[in-house]
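A.B. asks: Supplied structure: entry02.txt, compact mmCIF, C-alpha atoms.
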```txt
# COMPACT_ATOMS: atom_id res chain seq x y z
CA MET A 1 -23.51 -5.67 -12.29
CA ILE A 2 -23.28 -5.47 -8.53
CA TYR A 3 -19.58 -5.43 -7.75
CA PHE A 4 -18.77 -6.80 -4.29
CA ASP A 5 -15.18 -7.83 -5.02
CA ASN A 6 -13.48 -4.64 -3.98
CA ALA A 7 -10.90 -6.41 -1.82
CA ALA A 8 -9.43 -7.72 -5.08
CA THR A 9 -9.50 -4.30 -6.72
CA THR A 10 -12.04 -1.52 -6.43
CA GLY A 11 -14.42 -2.13 -9.29
CA LYS A 12 -15.23 1.46 -10.12
CA LYS A 13 -12.65 4.19 -10.27
CA PRO A 14 -13.73 7.78 -9.55
CA GLU A 15 -14.04 10.14 -12.54
CA THR A 16 -11.27 12.27 -11.01
CA VAL A 17 -8.90 9.27 -11.10
CA ILE A 18 -9.80 8.52 -14.72
CA LYS A 19 -9.27 12.19 -15.62
CA ALA A 20 -5.88 12.22 -13.87
CA VAL A 21 -4.76 9.13 -15.81
CA VAL A 22 -5.89 10.70 -19.09
CA ASN A 23 -4.18 13.95 -18.14
CA ALA A 24 -0.92 12.05 -17.59
CA LEU A 25 -1.19 10.43 -21.00
CA LYS A 26 -2.13 13.67 -22.73
CA ASN A 27 0.01 16.24 -20.99
CA ASN A 28 2.81 14.47 -19.11
CA CYS A 29 3.82 11.78 -21.54
CA ALA A 30 7.53 11.97 -20.84
CA ASN A 31 10.03 9.80 -19.00
CA PRO A 32 10.58 11.42 -15.61
CA GLY A 33 14.14 11.69 -14.37
CA ARG A 34 15.74 10.59 -17.57
CA SER A 35 15.78 12.97 -20.47
CA GLY A 36 16.01 16.37 -18.82
CA HIS A 37 13.88 18.29 -21.30
CA LYS A 38 11.11 20.57 -20.06
CA LEU A 39 8.35 17.97 -20.22
CA SER A 40 10.47 15.39 -18.44
CA VAL A 41 11.29 17.83 -15.63
CA LYS A 42 7.63 18.93 -15.40
CA THR A 43 6.63 15.28 -15.00
CA VAL A 44 9.24 14.75 -12.27
CA ASP A 45 7.78 17.78 -10.48
CA GLU A 46 4.26 16.35 -10.66
CA ILE A 47 5.44 12.98 -9.39
CA TYR A 48 7.24 14.61 -6.48
CA LYS A 49 3.97 16.36 -5.51
CA ILE A 50 2.30 12.93 -5.46
CA ARG A 51 5.14 11.53 -3.34
CA GLU A 52 4.51 14.40 -0.89
CA LYS A 53 0.76 13.76 -0.89
CA THR A 54 1.30 10.04 -0.31
CA ALA A 55 3.78 10.67 2.52
CA ASN A 56 1.35 13.08 4.21
CA PHE A 57 -1.53 10.63 3.86
CA PHE A 58 0.39 7.89 5.68
CA GLY A 59 2.23 10.04 8.22
CA LEU A 60 5.67 9.55 6.68
CA GLU A 61 8.18 12.32 7.34
CA ASN A 62 9.98 12.42 3.98
CA ALA A 63 8.41 12.43 0.53
CA GLU A 64 11.54 10.96 -1.06
CA LYS A 65 11.01 7.78 0.92
CA VAL A 66 7.91 6.93 -1.12
CA ILE A 67 8.63 4.24 -3.72
CA PHE A 68 6.12 3.56 -6.49
CA THR A 69 5.89 -0.15 -7.30
CA HIS A 70 3.85 -2.48 -9.51
CA ASN A 71 1.63 -3.74 -6.70
CA CYS A 72 1.56 -4.57 -3.00
CA THR A 73 3.16 -7.99 -3.60
CA THR A 74 6.18 -6.29 -5.16
CA SER A 75 6.41 -3.92 -2.18
CA ILE A 76 6.30 -6.85 0.26
CA ASN A 77 8.97 -8.77 -1.67
CA MET A 78 11.17 -5.67 -1.71
CA VAL A 79 11.04 -5.42 2.06
CA LEU A 80 11.51 -9.11 2.88
CA LYS A 81 14.24 -9.77 0.33
CA GLY A 82 15.89 -6.38 0.70
CA VAL A 83 16.15 -6.29 4.46
CA LEU A 84 16.33 -9.82 5.91
CA LYS A 85 19.59 -11.76 6.01
CA ARG A 86 20.64 -15.30 6.89
CA GLY A 87 20.43 -15.74 10.64
CA ASP A 88 17.46 -13.40 11.02
CA HIS A 89 14.13 -14.51 12.46
CA ILE A 90 10.79 -12.94 11.59
CA ILE A 91 7.32 -13.02 13.17
CA VAL A 92 4.19 -12.94 11.02
CA SER A 93 0.52 -13.15 11.92
CA SER A 94 -1.72 -16.16 11.40
CA LEU A 95 -3.72 -14.21 8.80
CA GLU A 96 -0.98 -13.43 6.27
CA HIS A 97 -1.39 -13.48 2.52
CA ASN A 98 0.85 -15.64 0.31
CA ALA A 99 2.60 -12.42 -0.72
CA VAL A 100 4.32 -12.69 2.67
CA MET A 101 4.41 -16.46 3.19
CA ARG A 102 5.79 -17.51 -0.19
CA PRO A 103 8.83 -15.19 -0.21
CA LEU A 104 9.64 -16.37 3.31
CA GLU A 105 9.44 -20.01 2.25
CA LYS A 106 11.68 -19.33 -0.74
CA MET A 107 14.18 -17.36 1.33
CA LYS A 108 14.24 -20.11 3.97
CA ILE A 109 14.06 -17.47 6.67
CA PRO A 110 12.84 -19.02 9.93
CA TYR A 111 9.54 -17.54 11.00
CA SER A 112 7.12 -17.79 13.91
CA ILE A 113 3.39 -17.32 13.54
CA ALA A 114 1.58 -15.17 16.09
CA ASP A 115 -2.07 -16.19 16.39
CA VAL A 116 -4.58 -13.41 15.85
CA SER A 117 -7.55 -13.41 18.20
CA LEU A 118 -10.74 -12.48 16.34
CA THR A 119 -12.13 -10.86 19.49
CA ASP A 120 -9.33 -9.68 21.78
CA ASP A 121 -6.51 -7.44 20.49
CA ASN A 122 -4.58 -7.67 23.74
CA ILE A 123 -4.24 -11.42 23.25
CA THR A 124 -2.99 -10.82 19.69
CA ALA A 125 -0.40 -8.29 20.85
CA GLU A 126 0.71 -10.64 23.62
CA ASN A 127 1.11 -13.47 21.09
CA PHE A 128 3.46 -11.32 19.04
CA LYS A 129 5.46 -10.41 22.13
CA ARG A 130 5.77 -14.03 23.19
CA ALA A 131 7.12 -15.06 19.78
CA ILE A 132 10.12 -12.71 19.96
CA LYS A 133 13.52 -14.44 19.95
CA PRO A 134 16.98 -12.93 20.41
CA ASN A 135 17.50 -12.91 16.62
CA THR A 136 14.05 -11.57 15.70
CA ARG A 137 14.78 -8.83 13.18
CA MET A 138 11.31 -7.98 11.97
CA ILE A 139 7.58 -8.31 12.60
CA PHE A 140 5.59 -8.34 9.38
CA CYS A 141 1.83 -8.36 9.57
CA THR A 142 -1.25 -7.37 7.70
CA ALA A 143 -3.19 -4.28 8.81
CA ALA A 144 -6.42 -6.17 8.15
CA SER A 145 -7.12 -9.66 6.83
CA ASN A 146 -8.10 -9.93 3.18
CA VAL A 147 -10.23 -12.96 4.07
CA CYS A 148 -12.11 -12.14 7.26
CA GLY A 149 -11.51 -8.39 7.59
CA LYS A 150 -10.06 -8.57 11.10
CA ILE A 151 -8.07 -5.44 11.89
CA LEU A 152 -4.80 -6.14 13.69
CA PRO A 153 -3.71 -3.97 16.64
CA ILE A 154 -1.02 -2.25 14.61
CA GLU A 155 -0.35 0.50 17.11
CA LYS A 156 0.17 -2.00 19.94
CA ILE A 157 2.45 -4.20 17.80
CA GLY A 158 4.37 -1.08 16.73
CA GLU A 159 4.96 -0.22 20.39
CA ILE A 160 6.34 -3.71 21.02
CA CYS A 161 8.69 -3.36 18.04
CA LYS A 162 9.91 0.02 19.25
CA GLU A 163 10.48 -1.28 22.76
CA LYS A 164 12.39 -4.34 21.54
CA GLY A 165 14.29 -2.62 18.71
CA ILE A 166 12.65 -4.77 16.01
CA LEU A 167 11.78 -3.58 12.50
CA PHE A 168 8.05 -3.32 11.82
CA ALA A 169 6.57 -3.87 8.35
CA VAL A 170 2.86 -3.73 7.54
CA ASP A 171 0.88 -5.05 4.60
CA ALA A 172 -1.83 -2.43 4.18
CA ALA A 173 -3.42 -3.97 1.07
CA GLN A 174 -6.84 -3.99 2.73
CA GLY A 175 -6.29 -1.22 5.28
CA ALA A 176 -5.12 1.71 3.18
CA GLY A 177 -7.99 4.05 2.35
CA VAL A 178 -10.37 2.71 5.02
CA LEU A 179 -8.22 2.85 8.16
CA PRO A 180 -6.19 5.84 9.36
CA ILE A 181 -2.56 4.69 9.13
CA ASN A 182 0.16 6.93 10.50
CA MET A 183 3.64 5.46 10.19
CA GLN A 184 5.22 7.76 12.77
CA LYS A 185 2.49 7.29 15.35
CA MET A 186 2.33 3.53 14.81
CA ASN A 187 6.13 3.03 14.61
CA ILE A 188 5.84 1.42 11.18
CA ASP A 189 9.18 1.18 9.37
CA TYR A 190 7.88 -0.19 6.05
CA LEU A 191 4.35 0.17 4.73
CA CYS A 192 3.21 -1.81 1.68
CA VAL A 193 0.15 -0.49 -0.14
CA ALA A 194 -2.11 -1.74 -2.95
CA ALA A 195 -3.17 1.65 -4.28
CA HIS A 196 -5.65 0.07 -6.73
CA LYS A 197 -7.84 -1.05 -3.83
CA GLY A 198 -8.80 1.49 -1.15
CA LEU A 199 -7.05 4.36 -2.92
CA TYR A 200 -8.99 3.74 -6.17
CA ALA A 201 -5.94 3.99 -8.44
CA PRO A 202 -5.60 1.89 -11.62
CA MET A 203 -4.59 -1.75 -11.30
CA SER A 204 -0.85 -2.39 -10.96
CA SER A 205 -0.41 0.61 -8.67
CA GLY A 206 1.60 -0.25 -5.58
CA ILE A 207 3.48 1.84 -3.04
CA LEU A 208 6.23 1.14 -0.55
CA LEU A 209 6.82 3.78 2.12
CA CYS A 210 10.05 3.53 4.12
CA ARG A 211 11.29 5.00 7.36
CA LYS A 212 14.38 2.79 7.28
CA ASP A 213 16.78 1.94 4.47
CA ILE A 214 16.67 -1.19 2.35
CA GLU A 215 20.03 -2.75 1.74
CA ASN A 216 19.38 -4.96 -1.28
CA THR A 217 17.36 -4.37 -4.41
CA ILE A 218 15.33 -7.13 -6.06
CA LEU A 219 15.37 -5.56 -9.52
CA GLU A 220 18.32 -3.87 -11.15
CA GLY A 221 18.60 -1.68 -14.21
CA GLY A 222 18.30 1.92 -15.28
CA THR A 223 17.65 4.44 -12.52
CA GLY A 224 18.67 7.70 -14.20
CA THR A 225 21.50 7.95 -11.66
CA GLY A 226 25.25 7.23 -11.84
CA SER A 227 24.99 5.60 -15.26
CA LEU A 228 28.75 5.01 -15.58
CA ASP A 229 28.64 2.57 -12.68
CA PHE A 230 27.43 -1.01 -13.28
CA LYS A 231 26.84 -1.37 -9.54
CA HIS A 232 23.16 -0.75 -8.93
CA PRO A 233 22.49 1.97 -6.33
CA ASN A 234 20.27 1.28 -3.32
CA ILE A 235 19.18 4.90 -2.89
CA ILE A 236 15.47 5.33 -2.13
CA PRO A 237 13.45 5.93 -4.26
CA GLU A 238 15.35 5.71 -7.59
CA GLY A 239 17.31 2.57 -6.73
CA PHE A 240 14.02 0.77 -6.15
CA GLU A 241 12.17 2.15 -9.17
CA SER A 242 14.29 0.65 -11.95
CA GLY A 243 12.92 1.16 -15.42
CA THR A 244 10.30 3.61 -16.58
CA LEU A 245 7.71 4.61 -14.01
CA SER A 246 4.01 4.21 -14.71
CA VAL A 247 3.28 7.92 -14.77
CA PRO A 248 -0.47 7.46 -15.53
CA ASN A 249 -0.86 5.10 -12.58
CA ILE A 250 1.02 7.44 -10.26
CA PHE A 251 -1.23 10.31 -11.33
CA GLY A 252 -4.12 7.97 -10.55
CA ILE A 253 -2.72 7.39 -7.06
CA GLY A 254 -2.58 11.13 -6.45
CA ALA A 255 -6.18 11.61 -7.56
CA GLY A 256 -7.25 8.55 -5.55
CA ILE A 257 -5.76 9.98 -2.36
CA ASP A 258 -7.57 13.27 -3.04
CA TYR A 259 -10.82 11.32 -3.51
CA VAL A 260 -10.42 9.51 -0.17
CA ASN A 261 -9.43 12.73 1.61
CA GLN A 262 -12.44 14.57 0.19
CA LYS A 263 -14.87 11.85 1.23
CA GLY A 264 -13.17 11.43 4.58
CA ILE A 265 -11.59 8.15 5.61
CA GLU A 266 -13.76 7.79 8.73
CA LYS A 267 -16.93 8.42 6.76
CA ILE A 268 -15.89 5.90 4.10
CA TYR A 269 -15.09 3.28 6.72
CA LYS A 270 -18.33 3.74 8.67
CA SER A 271 -20.61 3.65 5.65
CA GLU A 272 -18.89 0.58 4.16
CA LEU A 273 -18.92 -1.23 7.49
CA ASN A 274 -22.65 -0.54 7.83
CA LEU A 275 -23.28 -2.29 4.51
CA ILE A 276 -21.27 -5.30 5.66
CA LYS A 277 -23.08 -5.34 9.02
CA ASN A 278 -26.43 -5.44 7.24
CA ILE A 279 -25.30 -8.43 5.21
CA TYR A 280 -23.82 -10.10 8.29
CA PHE A 281 -26.98 -9.83 10.40
CA SER A 282 -29.23 -10.86 7.56
CA LEU A 283 -27.16 -14.00 6.85
CA ARG A 284 -26.76 -14.78 10.54
CA ASN A 285 -30.51 -15.01 10.94
CA ASN A 286 -30.77 -17.75 8.35
CA PRO A 287 -29.50 -21.24 9.26
CA ILE A 288 -28.52 -22.13 5.68
CA PHE A 289 -25.55 -19.76 5.91
CA GLU A 290 -22.28 -20.26 7.71
CA LEU A 291 -20.44 -17.23 9.08
CA TYR A 292 -16.93 -17.41 10.44
CA THR A 293 -16.38 -14.20 12.35
CA PRO A 294 -18.00 -12.48 15.30
CA GLU A 295 -20.10 -9.39 14.60
CA PRO A 296 -17.93 -7.00 12.54
CA LEU A 297 -17.55 -4.30 15.15
CA TYR A 298 -16.39 -0.75 14.47
CA GLN A 299 -12.57 -0.47 14.54
CA SER A 300 -12.31 -4.24 14.76
CA TYR A 301 -13.14 -5.26 11.16
CA VAL A 302 -12.72 -3.75 7.70
CA PRO A 303 -15.64 -4.13 5.25
CA VAL A 304 -14.84 -7.68 4.15
CA LEU A 305 -17.10 -10.63 4.99
CA PRO A 306 -16.56 -14.36 4.39
CA PHE A 307 -19.50 -16.77 4.38
CA ASN A 308 -20.73 -20.00 2.81
CA LEU A 309 -23.96 -21.73 2.02
CA LYS A 310 -23.92 -24.89 4.06
CA GLY A 311 -22.77 -27.90 2.06
CA VAL A 312 -21.90 -25.88 -1.07
CA SER A 313 -18.40 -25.02 -2.21
CA SER A 314 -17.56 -21.32 -2.17
CA GLU A 315 -16.49 -21.35 -5.82
CA LYS A 316 -19.84 -22.80 -6.83
CA THR A 317 -21.76 -20.14 -4.91
CA ALA A 318 -19.57 -17.39 -6.38
CA ALA A 319 -20.08 -18.74 -9.89
CA MET A 320 -23.85 -18.85 -9.38
CA LEU A 321 -23.86 -15.28 -8.06
CA ASP A 322 -21.99 -14.29 -11.20
CA GLU A 323 -24.88 -15.76 -13.21
CA TYR A 324 -27.04 -13.22 -11.39
CA ASN A 325 -24.53 -10.44 -12.19
CA ILE A 326 -23.18 -10.21 -8.68
CA ALA A 327 -19.38 -10.25 -8.47
CA VAL A 328 -17.83 -11.78 -5.37
CA ARG A 329 -14.79 -13.99 -4.83
CA GLY A 330 -14.82 -17.61 -3.69
CA GLY A 331 -11.89 -19.90 -2.90
CA LEU A 332 -8.90 -19.26 -0.71
CA HIS A 333 -8.07 -15.65 -1.65
CA CYS A 334 -4.33 -16.46 -1.81
CA ALA A 335 -4.34 -16.59 1.97
CA PRO A 336 -4.55 -20.23 3.11
CA SER A 337 -3.17 -19.23 6.53
CA ALA A 338 -6.27 -17.14 7.21
CA HIS A 339 -8.56 -19.93 6.01
CA LYS A 340 -6.79 -22.29 8.38
CA VAL A 341 -7.79 -19.96 11.23
CA LEU A 342 -11.40 -19.87 10.01
CA LYS A 343 -11.34 -23.65 9.37
CA THR A 344 -12.39 -23.12 5.77
CA THR A 345 -9.32 -24.52 4.02
CA GLU A 346 -11.33 -27.27 2.38
CA LYS A 347 -14.10 -25.32 0.72
CA GLY A 348 -12.84 -21.78 0.98
CA ALA A 349 -15.34 -18.98 1.52
CA VAL A 350 -17.44 -16.56 -0.46
CA ARG A 351 -15.99 -13.13 0.21
CA VAL A 352 -18.09 -9.98 -0.02
CA SER A 353 -16.15 -6.71 0.00
CA VAL A 354 -17.66 -3.28 -0.56
CA ALA A 355 -16.40 0.16 -1.58
CA THR A 356 -17.62 3.76 -1.63
CA PHE A 357 -19.83 3.28 -4.69
CA ASN A 358 -21.84 0.39 -3.20
CA ASN A 359 -25.17 1.11 -1.53
CA GLU A 360 -28.07 -0.30 0.50
CA ASN A 361 -30.06 -1.00 -2.64
CA GLU A 362 -27.33 -3.31 -3.93
CA VAL A 363 -27.10 -5.02 -0.55
CA GLY A 364 -30.86 -5.59 -0.72
CA ILE A 365 -30.66 -7.15 -4.20
CA PHE A 366 -27.75 -9.34 -3.10
CA LEU A 367 -29.60 -10.57 0.00
CA ASN A 368 -32.86 -11.19 -1.88
CA THR A 369 -30.95 -13.12 -4.52
CA ILE A 370 -28.88 -15.32 -2.27
CA LYS A 371 -31.79 -16.11 0.02
CA SER A 372 -34.24 -16.83 -2.78
CA GLU A 373 -35.53 -20.36 -3.29
CA LYS A 374 -34.75 -20.13 -7.00
CA PHE A 375 -31.09 -19.30 -6.36
CA ILE A 376 -30.65 -22.09 -3.84
CA LYS A 377 -32.46 -24.61 -6.08
CA ASN A 378 -30.27 -23.66 -9.05
CA LEU A 379 -27.20 -23.97 -6.91
CA ILE A 380 -28.07 -27.44 -5.66
CA LYS A 381 -29.21 -28.55 -9.13
CA ASN A 382 -25.86 -27.57 -10.67
CA MET B 1 23.97 37.69 -7.59
CA LYS B 2 25.87 34.46 -8.15
CA LYS B 3 24.18 31.46 -9.68
CA TYR B 4 24.96 27.95 -8.51
CA LEU B 5 24.29 24.48 -9.79
CA ILE B 6 23.91 22.12 -6.86
CA VAL B 7 24.35 18.54 -7.99
CA THR B 8 22.35 15.92 -6.09
CA GLY B 9 22.45 12.12 -6.12
CA THR B 10 19.00 11.65 -7.64
CA VAL B 11 16.44 13.71 -9.48
CA THR B 12 13.99 13.22 -6.58
CA TYR B 13 16.46 14.91 -4.24
CA ALA B 14 16.94 17.67 -6.79
CA VAL B 15 13.17 18.30 -6.85
CA LYS B 16 12.98 18.06 -3.06
CA GLY B 17 15.79 20.63 -2.76
CA LYS B 18 14.10 22.92 -5.26
CA VAL B 19 10.78 22.71 -3.38
CA ILE B 20 12.47 23.47 -0.04
CA LEU B 21 14.37 26.44 -1.45
CA ASN B 22 11.31 27.82 -3.24
CA ARG B 23 9.33 27.61 0.01
CA LYS B 24 12.06 29.64 1.71
CA GLY B 25 11.89 32.33 -0.99
CA PHE B 26 14.85 31.29 -3.15
CA LYS B 27 14.47 31.20 -6.91
CA ALA B 28 15.41 27.64 -7.70
CA LYS B 29 14.71 25.18 -10.50
CA VAL B 30 15.84 21.74 -11.60
CA GLU B 31 18.19 21.59 -14.58
CA LYS B 32 19.90 18.78 -16.44
CA LEU B 33 23.68 19.16 -16.45
CA THR B 34 25.15 19.58 -19.90
CA GLU B 35 28.41 17.86 -18.96
CA ILE B 36 28.26 14.90 -16.62
CA LYS B 37 31.24 13.64 -14.67
CA ALA B 38 31.44 10.12 -13.28
CA ASN B 39 30.64 11.25 -9.75
CA GLN B 40 27.72 13.48 -10.62
CA GLY B 41 24.84 11.23 -9.63
CA CYS B 42 21.73 11.70 -11.69
CA GLY B 43 23.03 14.48 -13.88
CA TYR B 44 20.41 16.80 -12.49
CA ALA B 45 21.14 19.89 -10.44
CA ILE B 46 19.29 22.58 -8.55
CA ALA B 47 19.94 25.89 -10.28
CA VAL B 48 19.70 28.62 -7.65
CA THR B 49 20.81 32.15 -6.90
CA GLY B 50 21.43 33.53 -3.42
CA ASP B 51 23.48 33.08 -0.27
CA ILE B 52 25.15 29.73 -0.87
CA GLU B 53 25.93 29.09 2.80
CA LYS B 54 22.27 29.52 3.75
CA ILE B 55 21.21 27.39 0.78
CA LYS B 56 23.64 24.62 1.75
CA GLU B 57 22.42 24.66 5.34
CA LEU B 58 18.77 24.43 4.28
CA LEU B 59 19.45 21.51 1.97
CA ILE B 60 21.67 19.56 4.35
CA THR B 61 19.28 19.93 7.30
CA SER B 62 16.47 18.66 5.05
CA GLY B 63 18.44 15.54 4.16
CA VAL B 64 19.37 16.52 0.60
CA LYS B 65 22.80 15.04 -0.13
CA ILE B 66 24.94 17.48 -2.10
CA ILE B 67 27.44 15.89 -4.45
CA GLU B 68 28.96 19.04 -5.90
CA ILE B 69 28.38 22.78 -6.10
CA ILE B 70 29.28 24.45 -9.37
CA GLU B 71 29.45 28.24 -9.54
CA THR B 72 28.25 29.57 -12.88
CA LYS B 73 28.40 32.97 -14.49
```
For this file, write the structure as structure tokens.

C.D. replies:
Amino acid sequence: MIYFDNAATTGKKPETVIKAVVNALKNNCANPGRSGHKLSVKTVDEIYKIREKTANFFGLENAEKVIFTHNCTTSINMVLKGVLKRGDHIIVSSLEHNAVMRPLEKMKIPYSIADVSLTDDNITAENFKRAIKPNTRMIFCTAASNVCGKILPIEKIGEICKEKGILFAVDAAQGAGVLPINMQKMNIDYLCVAAHKGLYAPMSSGILLCRKDIENTILEGGTGTGSLDFKHPNIIPEGFESGTLSVPNIFGIGAGIDYVNQKGIEKIYKSELNLIKNIYFSLRNNPIFELYTPEPLYQSYVPVLPFNLKGVSSEKTAAMLDEYNIAVRGGLHCAPSAHKVLKTTEKGAVRVSVATFNNENEVGIFLNTIKSEKFIKNLIKN
Amino acid sequence: MKKYLIVTGTVTYAVKGKVILNRKGFKAKVEKLTEIKANQGCGYAIAVTGDIEKIKELLITSGVKIIEIIETK
């Protein structure tokens, strides 16, 4: 199978990640921070090393401010529900995922949407600035769209937040592992990460990195701290890691970060973007395809590309590609806001997203398939 | 040389403290307390020998919150 659905989760995990997970199950199968026996303490030590590695990777000063979560959605919910209060206002981008929009709707927190320009980052930054109100407490935006791949000017938005004294939270589900993200340099207060995507960890591996406190928890229970007290602590990280940690997944995160560091984040980004560019230009030259973004320029787009065959629903195209053993994702990608920007709310889009293990040969097979008369005939026939 | 048990709020802070002290040449390890009082956080402590004033300074400046210091034999 050709796996081009890496924006959902990277479809092949490196051998080193698999080995790290197995190692956790074989040699560190103890509950960290609970029992106190040698194996438990050894496991805590290993997890702390991974907290340090994670903090270093994202330019966070303190390793103990790294929280391991179930996924990026959990991390986002923890920030929104843990920090915002009645009376606060928040600004989000026009490309946000439902992981941001749905909690806001439920919380009934008033929000403004800053339009993202697909071509001019200065306009985007200006739109964020213009949306600020006296009670704006936070800007929350994606590092890069999971639908069209547009990279947001995080550093510029971080500067605005610093200047105005506003909290800055970033959803790095698509950015982590392909874009260099430095929380200190970019003035990011909260960074939400889907480690099972660009960091190649197992599914259900999320991270929340904090430079500011979180007042309220969204999940309460055992933390291995102050057990006599029924009041749940809000100390980072334990207060936000209730219940038993997924030690194998955390070991996978550590190995995934090593993998990305060894390959080099810039090298990964460039080679993946080249694959996407090849697909983009090939589809652009054929009038039966619809593209929705400008040319995916370096440092402007992550390796994610939406397209459609004219007059055919995205789900139908994706299902037909699956018949040919090519995995992509059609539909709305849980981000209707972004589809509204692309004007694809009605039929969605076919999303191609690549990772380190994809290559030119696979791109060639994909292009030959989707452009072939047989494929198009089958698609129309069905 | 005297041995101390430095009680921290969480096991992560205990490990952080141990790492900091080890990097500065102190022999430190994380231990589970055998008797836990209500105020003793996670029940984990940094077991360390050496100049306690210097140790305290290193931990506090690194953001490790000390709940209690117990001197042991």

A.B. asks: Just to confirm, what's the straight-line distance from CA of Gly256 in chain A to CA of Glu220 in chain A in Å (one decimal)?

C.D. replies: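 CA of Glu220 in chain A lies at a distance of 29.0 Å from CA of Gly256 in chain A.
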
A.B. asks: Taking a cut-off of 7 Å and counting only C-alpha atoms, can you build a table that, for each residue of chain A near chain B, reports the nearest atom pair and how far apart they are in Å (one decimal), sorted by chain then residue number, as JSON lines?

C.D. replies:
```
{"residue": "A:Gly33", "atom": "CA", "partner": "B:Val11", "partner_atom": "CA", "distance": 5.8}
{"residue": "A:Gly36", "atom": "CA", "partner": "B:Lys32", "partner_atom": "CA", "distance": 5.2}
{"residue": "A:Asp45", "atom": "CA", "partner": "B:Val15", "partner_atom": "CA", "distance": 6.5}
{"residue": "A:Tyr48", "atom": "CA", "partner": "B:Thr12", "partner_atom": "CA", "distance": 6.9}
{"residue": "A:Glu64", "atom": "CA", "partner": "B:Thr12", "partner_atom": "CA", "distance": 6.4}
{"residue": "A:Gly224", "atom": "CA", "partner": "B:Cys42", "partner_atom": "CA", "distance": 5.6}
{"residue": "A:Thr225", "atom": "CA", "partner": "B:Cys42", "partner_atom": "CA", "distance": 3.8}
{"residue": "A:Gly226", "atom": "CA", "partner": "B:Gly41", "partner_atom": "CA", "distance": 4.6}
{"residue": "A:Leu228", "atom": "CA", "partner": "B:Ala38", "partner_atom": "CA", "distance": 6.2}
{"residue": "A:Glu238", "atom": "CA", "partner": "B:Thr10", "partner_atom": "CA", "distance": 7.0}
```

A.B. asks: Kindly give the distance, in Å, that separates CA of Leu104 in chain A and CA of Asn62 in chain A, rounded to a single decimal.

C.D. replies: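 That distance, rounded to one decimal, is 28.8 Å.
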
A.B. asks: Could you list, as a ChimeraX atom specification, every residue within 10 Å of Arg284 in chain A, counting all atoms listed in the file and ignoring same-chain residues fewer than 6 positions away?

C.D. replies: /A:278,290-291,295,307

A.B. asks: One decimal, in Å: what's the spacing between CA of Lys49 in chain A and CA of Arg211 in chain A?

C.D. replies: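 Spanning CA of Lys49 in chain A to CA of Arg211 in chain A is a straight-line distance of 18.7 Å.
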
A.B. asks: Do a neighbour search on range 365-378 of chain A at 12 Å with all atoms listed in the file, toss out local chain neighbours closer than 5 positions, and write the hits as a ChimeraX atom specification.

C.D. replies: /A:1-4,275-276,278-289,307-312,316-328,350,352,358-360

A.B. asks: Please provide the set of residues having any atom within 7 Å of range 80-88 of chain A, restricted to all atoms listed in the file, with same-chain residues fewer than 6 positions apart removed, written as a PyMOL selection string.

C.D. replies: chain A and resi 109+135-137+214-218

A.B. asks: Give me, as a list in words, all polymer residues having an atom no more than 6 Å from Val48 in chain B, counting all atoms listed in the file and skipping those fewer than 6 positions away in the same chain.

C.D. replies: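 Here the answer would be Lys3, Tyr4, Lys27 and Ala28 of chain B.
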
A.B. asks: Pick out the closest residue to Pro103 in chain A from this set: A:Asn122, A:Ser145, A:Asn127, A:Thr73. Count all atoms listed in the file.

C.D. replies: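 Using all atoms listed in the file, the shortest distance to Pro103 in chain A belongs to A:Thr73.
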
A.B. asks: Do you know which residues lie at most 9 Å from (15.0, 31.7, -0.7), with coordinates as in the file and only C-alpha atoms counted, and could you write them as an NGL selection string?

C.D. replies: :B and (20-28 or 48-51 or 54-55)

A.B. asks: Can I get the selection written as an mmCIF file, in the frame of the given file, with C-alpha atoms?

C.D. replies:
```cif
data_model
loop_
_atom_site.group_PDB
_atom_site.id
_atom_site.type_symbol
_atom_site.label_atom_id
_atom_site.label_comp_id
_atom_site.auth_asym_id
_atom_site.auth_seq_id
_atom_site.Cartn_x
_atom_site.Cartn_y
_atom_site.Cartn_z
ATOM 1 C CA ILE B 20 12.470 23.470 -0.040
ATOM 2 C CA LEU B 21 14.370 26.440 -1.450
ATOM 3 C CA ASN B 22 11.310 27.820 -3.240
ATOM 4 C CA ARG B 23 9.330 27.610 0.010
ATOM 5 C CA LYS B 24 12.060 29.640 1.710
ATOM 6 C CA GLY B 25 11.890 32.330 -0.990
ATOM 7 C CA PHE B 26 14.850 31.290 -3.150
ATOM 8 C CA LYS B 27 14.470 31.200 -6.910
ATOM 9 C CA ALA B 28 15.410 27.640 -7.700
ATOM 10 C CA VAL B 48 19.700 28.620 -7.650
ATOM 11 C CA THR B 49 20.810 32.150 -6.900
ATOM 12 C CA GLY B 50 21.430 33.530 -3.420
ATOM 13 C CA ASP B 51 23.480 33.080 -0.270
ATOM 14 C CA LYS B 54 22.270 29.520 3.750
ATOM 15 C CA ILE B 55 21.210 27.390 0.780
#
```

A.B. asks: Identify which of the residues A:Ser337, A:Lys129, A:Leu39, A:Lys381 lies closest to Met101 in chain A, counting only C-alpha atoms when measuring atom-to-atom distances.

C.D. replies: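 Checking each of A:Ser337, A:Lys129, A:Leu39, A:Lys381 against Met101 in chain A, counting only C-alpha atoms, the winner is A:Ser337.
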
A.B. asks: Hey, which of B:Ala47, B:Met1, B:Gly17, B:Glu57 ends up closest to Ile70 in chain B? Count only C-alpha atoms.

C.D. replies: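 Closest to Ile70 in chain B of all the choices is B:Ala47.
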